[in-house]
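Read through the structure below, which is laid out as structure tokens, and then see the notes.
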Amino acid sequence: MAEALPIVRAKGITKTFSGVTVLQNVDFDICPGEVHGLIGENGAGKSTLVKIISGVYTPANGDIFINDHPVYFKNPHMAREAGIALIHQEPLTFQDLNVTENLYLGHTRGKGNPLIRWKELYRKTDELLETLDVRMRSRDPVRGMTIADQQMIEIACALSQNAQVIIMDEPTAALSHGEVKTLFEMIHRLKKQGKAIVFIGHRLDEIIEICDRITVLRDGKLVGECQKNDVDQDKLVHLMINRTFEELIVKETVPIGDVMLETKRLTYPGQYYDISLKVRRGEIVGMAGLVGAGRSEAASAIFGTCPALSGEIMVKGEKVHIKNPLAAMKKGIAMVSEDRARTGLITPFSIKYNMTFAILYRIASKFGFIRNKKEDEFVNKYIVYLNVRMRDTDQPVRELSGGNQQKVVIAKWLLTESDILILDEPTRGIDIGAKAEVYKLINELAKQGKAILMISSELPEILQLSDRVYVMCEGHITAEYNRDELDSKKIMTAASTVHERRAVNE
Ligand SMILES: Nc1ncnc2c1ncn2[C@@H]1O[C@H](COP(=O)(O)OP(=O)(O)O)[C@@H](O)[C@H]1O
Ligand SMILES: [Mg+2]
């Protein structure tokens, strides 16, 4: 790629909040036609840096140049005028207005032009939406739109103001898989149009996929700037936390007891075949494999979301018939699902509601009313235990970061006090710090004697935490290893070869 000159250059930026230095002498530049990733642990200073660049904060020290001219932004409006737009994680749209009204609200205000030619604005909006290839139309009401669509409105708004630099602060935190894909397509289009994009995120795979260049902050300092081509997740993690990912996952040894969960030849043709596995009290059993190997499907048979067509499930040695999740819950099985936005949480609802709906029967009084005090007691206990960072328990879950959302899902199931826990990709999409907390929690659950079946596509997780591992490939269990036999090569091989299964099943 031809070296483009930076459109924005921030030099030696330092920022303090009431005496505490949160950014120290940070250089950061943004080039046209480039996606520049900005990563770092929670509190590393990412948001503060982009807020300085977009005029929300003024730096204590340091300079900002646009096309080599020094600029001094006193407010976000000045930065907007200079072509810099910050897209908020929680879009600042007006629910009672339609798309066009939201788009032009910022323009018409204070320009001394009371005559708004609506017809023209609607036409312009539709044109813009078309070039962006988004499916909404100019007259659509914003109320009821997803966060993803509202983000699109913010992006469209920035473009309608001729923004050259578009900064996205954790835009994917509240998005589903499909929505992330749509956003990435949008980013590609913006890039092609020569826009400069800053992308803050936590999912390193996403970052590596979408960014051309990646800057890493740690404790307010710049610790690395990498080109897409010579970087991998391990290197980024190391830069972010100054430790390897493995060093972050500590396994605690706990006594392993009786078999709590056993399946015999669970089969659902086309999805999984002959799944026979055991999970014991205090044991963490890893389920490794590639995405699509059938692990989640097999797990959803155990939890009753989609029962197997043949095979048996035994809980504590007793054969059970699990037709639906309620039946599973009654047998003491809980599941933290892979896609928390879709199946784990009702994100517009409060933290409190999400945490307690699985146990309403325990906190409801005789007449079916929810006993508020009891509810608060339960919720507060686990909020503290899990270190959920939030404003208060009435806050909608969608406003939390991914890591904290995941903690709410886990809390929900902890509250059920089930003996058997199925965790499907428990740390997917959350930052390193939150991952470490989830690992601690998984250890803690094992210590309490729970039987844990952990599906994970992250090998370090499987290798460090599991007492035993099953590997699946194309719907079959292709290998089983004890902790002392574990190594990543063996797992990778078993995850990509089906014919080994006979050796295991026979
Ligand atoms: N308005 C503020 N007042 C005081 N401290 C703040 C403010 N904004 C951020 N901080 C602190 O600055 C540090 C960096 O925060 P932030 O830039 O939000 O980090 P990141 O976005 O990387 O998670 C944190 O320790 C945070 O608590
Ligand atoms: Mg931030």
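Each chain in the structure tokens gets a letter, A, B and so on, in the order shown; residues start at 1 in every chain, and ligands are counted from 1 in the order they appear.
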Next item on the list: Compute the set of protein, DNA and RNA residues whose minimum atom distance to ligand 2 is at most 9 Å, using only C-alpha atoms and all ligand atoms, and state it as a PyMOL selection string.
Entry: chain A and resi 42-48+169-170+200-201
Could you write those residues out with all heavy atoms, as a PDB file, in the first residue's frame?
ATOM      1  N   ASN A  42      -8.890  -2.607  29.773  1.00  0.00           N
ATOM      2  CA  ASN A  42      -9.800  -1.593  30.309  1.00  0.00           C
ATOM      3  C   ASN A  42      -9.009  -0.582  31.115  1.00  0.00           C
ATOM      4  O   ASN A  42      -8.185  -0.956  31.930  1.00  0.00           O
ATOM      5  CB  ASN A  42     -10.824  -2.241  31.252  1.00  0.00           C
ATOM      6  CG  ASN A  42     -12.016  -2.747  30.479  1.00  0.00           C
ATOM      7  OD1 ASN A  42     -12.368  -2.182  29.453  1.00  0.00           O
ATOM      8  ND2 ASN A  42     -12.619  -3.803  30.968  1.00  0.00           N
ATOM      9  N   GLY A  43      -9.273   0.688  30.870  1.00  0.00           N
ATOM     10  CA  GLY A  43      -8.602   1.727  31.641  1.00  0.00           C
ATOM     11  C   GLY A  43      -7.247   2.119  31.076  1.00  0.00           C
ATOM     12  O   GLY A  43      -6.542   2.948  31.654  1.00  0.00           O
ATOM     13  N   ALA A  44      -6.859   1.543  29.949  1.00  0.00           N
ATOM     14  CA  ALA A  44      -5.542   1.840  29.370  1.00  0.00           C
ATOM     15  C   ALA A  44      -5.476   3.270  28.826  1.00  0.00           C
ATOM     16  O   ALA A  44      -4.398   3.817  28.643  1.00  0.00           O
ATOM     17  CB  ALA A  44      -5.215   0.849  28.264  1.00  0.00           C
ATOM     18  N   GLY A  45      -6.629   3.867  28.553  1.00  0.00           N
ATOM     19  CA  GLY A  45      -6.639   5.248  28.082  1.00  0.00           C
ATOM     20  C   GLY A  45      -7.135   5.419  26.646  1.00  0.00           C
ATOM     21  O   GLY A  45      -7.043   6.514  26.077  1.00  0.00           O
ATOM     22  N   LYS A  46      -7.679   4.361  26.071  1.00  0.00           N
ATOM     23  CA  LYS A  46      -8.112   4.407  24.670  1.00  0.00           C
ATOM     24  C   LYS A  46      -9.187   5.472  24.438  1.00  0.00           C
ATOM     25  O   LYS A  46      -9.057   6.328  23.561  1.00  0.00           O
ATOM     26  CB  LYS A  46      -8.667   3.033  24.239  1.00  0.00           C
ATOM     27  CG  LYS A  46      -7.714   1.880  24.473  1.00  0.00           C
ATOM     28  CD  LYS A  46      -8.347   0.550  24.107  1.00  0.00           C
ATOM     29  CE  LYS A  46      -9.561   0.147  24.932  1.00  0.00           C
ATOM     30  NZ  LYS A  46      -9.298  -0.211  26.338  1.00  0.00           N
ATOM     31  N   SER A  47     -10.245   5.402  25.260  1.00  0.00           N
ATOM     32  CA  SER A  47     -11.342   6.353  25.066  1.00  0.00           C
ATOM     33  C   SER A  47     -10.868   7.780  25.311  1.00  0.00           C
ATOM     34  O   SER A  47     -11.245   8.703  24.592  1.00  0.00           O
ATOM     35  CB  SER A  47     -12.507   6.033  26.010  1.00  0.00           C
ATOM     36  OG  SER A  47     -13.061   4.784  25.678  1.00  0.00           O
ATOM     37  N   THR A  48     -10.026   7.948  26.310  1.00  0.00           N
ATOM     38  CA  THR A  48      -9.534   9.291  26.606  1.00  0.00           C
ATOM     39  C   THR A  48      -8.762   9.852  25.411  1.00  0.00           C
ATOM     40  O   THR A  48      -8.942  11.011  25.031  1.00  0.00           O
ATOM     41  CB  THR A  48      -8.639   9.264  27.863  1.00  0.00           C
ATOM     42  OG1 THR A  48      -9.386   8.668  28.929  1.00  0.00           O
ATOM     43  CG2 THR A  48      -8.205  10.658  28.259  1.00  0.00           C
ATOM     44  N   ASP A 169     -15.455   3.833  18.912  1.00  0.00           N
ATOM     45  CA  ASP A 169     -15.001   3.371  20.216  1.00  0.00           C
ATOM     46  C   ASP A 169     -15.800   2.130  20.613  1.00  0.00           C
ATOM     47  O   ASP A 169     -16.966   2.223  20.966  1.00  0.00           O
ATOM     48  CB  ASP A 169     -15.176   4.482  21.257  1.00  0.00           C
ATOM     49  CG  ASP A 169     -14.454   4.165  22.561  1.00  0.00           C
ATOM     50  OD1 ASP A 169     -13.980   3.030  22.725  1.00  0.00           O
ATOM     51  OD2 ASP A 169     -14.370   5.058  23.431  1.00  0.00           O
ATOM     52  N   GLU A 170     -15.176   0.992  20.545  1.00  0.00           N
ATOM     53  CA  GLU A 170     -15.812  -0.302  20.830  1.00  0.00           C
ATOM     54  C   GLU A 170     -17.170  -0.466  20.150  1.00  0.00           C
ATOM     55  O   GLU A 170     -18.168  -0.733  20.806  1.00  0.00           O
ATOM     56  CB  GLU A 170     -15.962  -0.493  22.338  1.00  0.00           C
ATOM     57  CG  GLU A 170     -14.621  -0.499  23.039  1.00  0.00           C
ATOM     58  CD  GLU A 170     -14.707  -1.071  24.448  1.00  0.00           C
ATOM     59  OE1 GLU A 170     -15.464  -2.031  24.635  1.00  0.00           O
ATOM     60  OE2 GLU A 170     -14.018  -0.553  25.323  1.00  0.00           O
ATOM     61  N   ILE A 200     -11.566   0.993  17.914  1.00  0.00           N
ATOM     62  CA  ILE A 200     -11.196   0.494  19.244  1.00  0.00           C
ATOM     63  C   ILE A 200     -11.969  -0.784  19.500  1.00  0.00           C
ATOM     64  O   ILE A 200     -13.173  -0.839  19.256  1.00  0.00           O
ATOM     65  CB  ILE A 200     -11.531   1.526  20.343  1.00  0.00           C
ATOM     66  CG1 ILE A 200     -10.759   2.819  20.107  1.00  0.00           C
ATOM     67  CG2 ILE A 200     -11.227   0.960  21.725  1.00  0.00           C
ATOM     68  CD1 ILE A 200     -11.053   3.909  21.120  1.00  0.00           C
ATOM     69  N   GLY A 201     -11.283  -1.808  19.933  1.00  0.00           N
ATOM     70  CA  GLY A 201     -11.997  -3.059  20.169  1.00  0.00           C
ATOM     71  C   GLY A 201     -11.254  -3.944  21.137  1.00  0.00           C
ATOM     72  O   GLY A 201     -10.115  -3.663  21.530  1.00  0.00           O
TER      73      GLY A 201
END
Margin query: Using only C-alpha atoms and all ligand atoms, which residues of the polymer chains come no farther than 12 Å from ligand 1? I'd like the answer as a PyMOL selection string.
Written below: chain A and resi 14-24+38-52+56-58+89+168-170+199-202+215-222+240+389+401+431-433
Checklist line | Computed interatomic separation between CA of Lys264 (chain A) and CA of Ala451 (chain A) (Å) | finding: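 Separating CA of Lys264 (chain A) from CA of Ala451 (chain A) is a distance of 17.1 Å.
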Margin query: Ranking A:Asp133, A:Glu34, A:Asp258, A:Glu458 by minimum distance to Leu183 (chain A) and counting only C-alpha atoms, which one comes first?
Written below: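 Under the stated criterion, the closest residue is A:Asp133.
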Margin query: Can you pull out every residue from region 373-484 of chain A that DSSP, working from the backbone, puts in strand (DSSP E), and format the result as JSON, numbers by chain?
Written below: {"A": [420, 421, 422, 423, 424, 451, 452, 453, 454, 455, 468, 469, 470, 471, 472, 473, 476, 477, 478, 479, 480, 481, 482]}
Next item on the list: Based on DSSP run over this structure's backbone, return all residues of region 140-286 of chain A in helix (DSSP H, G or I), as JSON, numbers by chain.
Entry: {"A": [147, 148, 149, 150, 151, 152, 153, 154, 155, 156, 157, 158, 159, 160, 177, 178, 179, 180, 181, 182, 183, 184, 185, 186, 187, 188, 189, 190, 191, 192, 204, 205, 206, 207, 208, 209, 210, 228, 229, 230, 233, 234, 235, 236, 237, 238, 239, 240, 241, 245, 246, 247, 248]}
Atoms to include: C-alpha atoms. Write the selected residues as a PDB file, in the first residue's frame.
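The resulting file, selection.pdb, is reproduced below:
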ATOM      1  CA  ILE A 147     -28.097  -0.568  18.213  1.00  0.00           C
ATOM      2  CA  ALA A 148     -26.404  -1.630  14.978  1.00  0.00           C
ATOM      3  CA  ASP A 149     -28.830   0.400  12.858  1.00  0.00           C
ATOM      4  CA  GLN A 150     -28.493   3.389  15.144  1.00  0.00           C
ATOM      5  CA  GLN A 151     -24.725   3.164  14.774  1.00  0.00           C
ATOM      6  CA  MET A 152     -25.249   3.250  11.022  1.00  0.00           C
ATOM      7  CA  ILE A 153     -27.234   6.450  11.450  1.00  0.00           C
ATOM      8  CA  GLU A 154     -24.356   7.974  13.389  1.00  0.00           C
ATOM      9  CA  ILE A 155     -21.938   6.948  10.672  1.00  0.00           C
ATOM     10  CA  ALA A 156     -24.251   8.307   7.981  1.00  0.00           C
ATOM     11  CA  CYS A 157     -24.561  11.518   9.975  1.00  0.00           C
ATOM     12  CA  ALA A 158     -20.785  11.852  10.147  1.00  0.00           C
ATOM     13  CA  LEU A 159     -20.522  11.307   6.412  1.00  0.00           C
ATOM     14  CA  SER A 160     -23.269  13.791   5.657  1.00  0.00           C
ATOM     15  CA  HIS A 177     -22.258 -11.770  14.887  1.00  0.00           C
ATOM     16  CA  GLY A 178     -24.177 -10.759  11.775  1.00  0.00           C
ATOM     17  CA  GLU A 179     -24.241  -7.114  12.739  1.00  0.00           C
ATOM     18  CA  VAL A 180     -20.465  -7.115  13.185  1.00  0.00           C
ATOM     19  CA  LYS A 181     -20.158  -8.453   9.654  1.00  0.00           C
ATOM     20  CA  THR A 182     -22.351  -5.658   8.301  1.00  0.00           C
ATOM     21  CA  LEU A 183     -20.311  -3.075  10.178  1.00  0.00           C
ATOM     22  CA  PHE A 184     -17.077  -4.486   8.781  1.00  0.00           C
ATOM     23  CA  GLU A 185     -18.439  -4.292   5.254  1.00  0.00           C
ATOM     24  CA  MET A 186     -19.265  -0.671   5.967  1.00  0.00           C
ATOM     25  CA  ILE A 187     -15.746  -0.040   7.239  1.00  0.00           C
ATOM     26  CA  HIS A 188     -14.330  -1.546   4.059  1.00  0.00           C
ATOM     27  CA  ARG A 189     -16.478   0.766   1.959  1.00  0.00           C
ATOM     28  CA  LEU A 190     -15.409   3.801   3.984  1.00  0.00           C
ATOM     29  CA  LYS A 191     -11.800   2.796   3.581  1.00  0.00           C
ATOM     30  CA  LYS A 192     -12.214   2.560  -0.160  1.00  0.00           C
ATOM     31  CA  LEU A 204      -8.191  -9.455  18.846  1.00  0.00           C
ATOM     32  CA  ASP A 205      -9.343 -11.641  15.965  1.00  0.00           C
ATOM     33  CA  GLU A 206     -11.671  -8.838  14.877  1.00  0.00           C
ATOM     34  CA  ILE A 207      -8.894  -6.287  15.275  1.00  0.00           C
ATOM     35  CA  ILE A 208      -6.451  -8.267  13.184  1.00  0.00           C
ATOM     36  CA  GLU A 209      -9.115  -8.854  10.544  1.00  0.00           C
ATOM     37  CA  ILE A 210     -10.225  -5.263  10.111  1.00  0.00           C
ATOM     38  CA  LYS A 228      -1.229  -6.025  10.319  1.00  0.00           C
ATOM     39  CA  ASN A 229       1.202  -8.275   8.483  1.00  0.00           C
ATOM     40  CA  ASP A 230       3.653  -8.848  11.281  1.00  0.00           C
ATOM     41  CA  GLN A 233      -2.916 -12.385  18.791  1.00  0.00           C
ATOM     42  CA  ASP A 234      -0.180 -13.624  21.120  1.00  0.00           C
ATOM     43  CA  LYS A 235       2.032 -10.685  20.361  1.00  0.00           C
ATOM     44  CA  LEU A 236      -0.817  -8.246  20.924  1.00  0.00           C
ATOM     45  CA  VAL A 237      -1.776  -9.877  24.210  1.00  0.00           C
ATOM     46  CA  HIS A 238       1.791  -9.707  25.368  1.00  0.00           C
ATOM     47  CA  LEU A 239       1.979  -6.030  24.534  1.00  0.00           C
ATOM     48  CA  MET A 240      -1.337  -5.333  26.253  1.00  0.00           C
ATOM     49  CA  ILE A 241      -0.682  -7.104  29.526  1.00  0.00           C
ATOM     50  CA  PHE A 245      -2.073 -15.399  27.818  1.00  0.00           C
ATOM     51  CA  GLU A 246      -1.100 -18.743  29.394  1.00  0.00           C
ATOM     52  CA  GLU A 247       0.372 -16.995  32.408  1.00  0.00           C
ATOM     53  CA  LEU A 248      -3.001 -15.394  32.917  1.00  0.00           C
TER      54      LEU A 248
END
Note to self: Using only C-alpha atoms, can you tell me which of A:Gln161, A:Ser54, A:Gly62, A:Gln227 comes closest to His36 (chain A)?
What the structure shows: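 Answer, going by the shortest atom-to-atom distance: A:Gln227.
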Next item on the list: Would you list the contacts of Gly83 (chain A) as a VMD selection string, taking every protein, DNA or RNA residue within 12 Å and counting only C-alpha atoms, but skipping same-chain residues closer than 4 positions in sequence?
Entry: chain A and resid 7 to 8 32 53 to 55 66 to 67 73 76 to 79 157 to 167 195 to 197
Next item on the list: Name the closest residue to Gly304 (chain A) among the candidates A:Pro91, A:Met335, A:Leu277, A:Met136; distances are taken between atoms, counting only C-alpha atoms.
Entry: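 Of A:Pro91, A:Met335, A:Leu277, A:Met136, the one nearest Gly304 (chain A), counting only C-alpha atoms, is A:Met335.
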Notebook entry, point to check: Which residue gives the smallest distance to Leu266 (chain A) among A:Thr93, A:Thr305, A:Asn404, A:Ser310, with only C-alpha atoms counted?
Noted result: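 For Leu266 (chain A), the nearest of the candidates is A:Ser310.
Using only C-alpha atoms, the smallest distance between any of A:Cys306, A:Ala288, A:Val379, A:Tyr268 and Met492 (chain A) comes from A:Ala288.
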Checklist line | Test item: residues at most 12 Å from Asp68 (chain A), only C-alpha atoms, excluding those fewer than 6 positions along its chain, as a PyMOL selection string | finding: chain A and resi 5-11+29
